[in-house]
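Notes to accompany the following structure.
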Amino acid sequence: MTVNDVTEIAAQAIYTIIKCSAPMLLVSLCVGLLVSIFQTVTSIQEQTLTFVPKVLAIFLSLMLMGHWVMNNMVEFMTGLWTDFNLYLG
């Protein structure tokens with residue numbers, strides 16, 4: 001196994017992580033922005049107000065996108081295990 005193989009696997013792993021986490025991060029960003037706008041408009045400066053809506057939004061996005069995320073992760077791991085004999089020698 002060469003350095004190029006390890007670099008390729010690491011790059012694929014990082015790309016898979018980014019691709020799988022992007023929907024939840026975008027949902028969290030949007031909900032946080034909306035709650036911040038709400039806090040600014042109403043002058044409510046409660047630190048914990050953003051926590052519950054973000055958790056609920058991320059939970060719902062995981063419920064909706066979980067199948068897609070799992071398929072991407074399984075596809076990545078299947079590719080690794082399929083080429084396992086190439087990495088050994």
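We name chains A, B, ... following the order of the structure tokens; residues begin at 1 in each chain, and ligands are numbered from 1 as shown.
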
List the spatial neighbours of Pro23 of chain A as an mmCIF file with N, CA, C and O atoms, in the first residue's frame - criterion: any atom at most 10 Å away, only C-alpha atoms, same-chain residues fewer than 2 positions off excluded.
data_model
loop_
_atom_site.group_PDB
_atom_site.id
_atom_site.type_symbol
_atom_site.label_atom_id
_atom_site.label_comp_id
_atom_site.auth_asym_id
_atom_site.auth_seq_id
_atom_site.Cartn_x
_atom_site.Cartn_y
_atom_site.Cartn_z
ATOM 1 N N ILE A 18 -18.105 15.084 4.487
ATOM 2 C CA ILE A 18 -18.673 16.390 4.147
ATOM 3 C C ILE A 18 -20.017 16.226 3.450
ATOM 4 O O ILE A 18 -20.984 16.934 3.764
ATOM 5 N N LYS A 19 -20.084 15.289 2.520
ATOM 6 C CA LYS A 19 -21.327 15.077 1.780
ATOM 7 C C LYS A 19 -22.448 14.598 2.701
ATOM 8 O O LYS A 19 -23.596 15.029 2.562
ATOM 9 N N CYS A 20 -22.137 13.757 3.663
ATOM 10 C CA CYS A 20 -23.174 13.217 4.552
ATOM 11 C C CYS A 20 -23.592 14.206 5.639
ATOM 12 O O CYS A 20 -24.733 14.170 6.098
ATOM 13 N N SER A 21 -22.687 15.072 6.050
ATOM 14 C CA SER A 21 -23.032 16.002 7.126
ATOM 15 C C SER A 21 -23.581 17.327 6.617
ATOM 16 O O SER A 21 -24.184 18.075 7.399
ATOM 17 N N LEU A 25 -25.928 20.233 8.636
ATOM 18 C CA LEU A 25 -25.278 21.495 8.957
ATOM 19 C C LEU A 25 -26.017 22.671 8.331
ATOM 20 O O LEU A 25 -26.143 23.734 8.952
ATOM 21 N N LEU A 26 -26.492 22.500 7.116
ATOM 22 C CA LEU A 26 -27.246 23.582 6.466
ATOM 23 C C LEU A 26 -28.572 23.841 7.179
ATOM 24 O O LEU A 26 -28.970 25.001 7.351
ATOM 25 N N VAL A 27 -29.240 22.786 7.607
ATOM 26 C CA VAL A 27 -30.485 22.955 8.357
ATOM 27 C C VAL A 27 -30.205 23.681 9.667
ATOM 28 O O VAL A 27 -30.919 24.621 10.044
ATOM 29 N N SER A 28 -29.153 23.297 10.359
ATOM 30 C CA SER A 28 -28.789 23.951 11.613
ATOM 31 C C SER A 28 -28.445 25.424 11.391
ATOM 32 O O SER A 28 -28.837 26.288 12.188
ATOM 33 N N LEU A 29 -27.743 25.707 10.316
ATOM 34 C CA LEU A 29 -27.395 27.087 9.993
ATOM 35 C C LEU A 29 -28.632 27.929 9.724
ATOM 36 O O LEU A 29 -28.766 29.039 10.252
ATOM 37 N N ILE A 58 -32.577 19.358 13.352
ATOM 38 C CA ILE A 58 -31.577 18.351 12.970
ATOM 39 C C ILE A 58 -32.167 16.952 13.085
ATOM 40 O O ILE A 58 -31.921 16.092 12.226
ATOM 41 N N SER A 61 -34.324 16.490 10.064
ATOM 42 C CA SER A 61 -33.523 16.310 8.849
ATOM 43 C C SER A 61 -32.856 14.941 8.830
ATOM 44 O O SER A 61 -32.710 14.333 7.767
ATOM 45 N N LEU A 62 -32.461 14.448 10.000
ATOM 46 C CA LEU A 62 -31.916 13.084 10.049
ATOM 47 C C LEU A 62 -32.980 12.052 9.705
ATOM 48 O O LEU A 62 -32.682 11.039 9.047
ATOM 49 N N MET A 65 -33.313 12.494 5.842
ATOM 50 C CA MET A 65 -32.123 12.240 5.035
ATOM 51 C C MET A 65 -31.327 11.020 5.498
ATOM 52 O O MET A 65 -30.304 10.699 4.901
ATOM 53 N N VAL A 69 -28.005 9.241 3.756
ATOM 54 C CA VAL A 69 -26.710 9.257 4.443
ATOM 55 C C VAL A 69 -26.189 7.834 4.618
ATOM 56 O O VAL A 69 -25.019 7.547 4.347
#

What's the 12 Å shell around Leu33 of chain A, counting only C-alpha atoms, without same-chain residues fewer than 6 positions away, as a VMD selection string? chain A and resid 26 to 27 39 to 40 50 53 to 54

For atom CA of Met70 of chain A and atom CA of Ile9 of chain A, quote the distance in Å rounded to one decimal.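 Atom CA of Met70 of chain A sits 18.5 Å away from atom CA of Ile9 of chain A.
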
What gap, in Å, lies between atom CA of Val3 of chain A and atom CA of Asp83 of chain A? 15.9 Å

Nearby residues (only C-alpha atoms) at most 12 Å from segment 5-7 of chain A, same-chain spacing under 2 positions excluded, as an MDAnalysis selection string: chainID A and resid 1:3 9:14 80 83:84 86:89

Closest of A:Asn71, A:Ile44, A:Ile37, A:Met24 to Phe59 of chain A - atom-to-atom distances counting only C-alpha atoms: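 Nearest candidate to Phe59 of chain A out of A:Asn71, A:Ile44, A:Ile37, A:Met24: A:Met24.
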
What does the distance between atom CA of Leu56 of chain A and atom CA of Gly32 of chain A come to in Å, to one decimal place?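 Distance between the two atoms: 11.8 Å.
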
Which is closest to Thr48 of chain A among A:Met73, A:Val35, A:Cys30, A:Leu64, if we use only C-alpha atoms?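 Among the listed residues, the smallest separation from Thr48 of chain A belongs to A:Val35.
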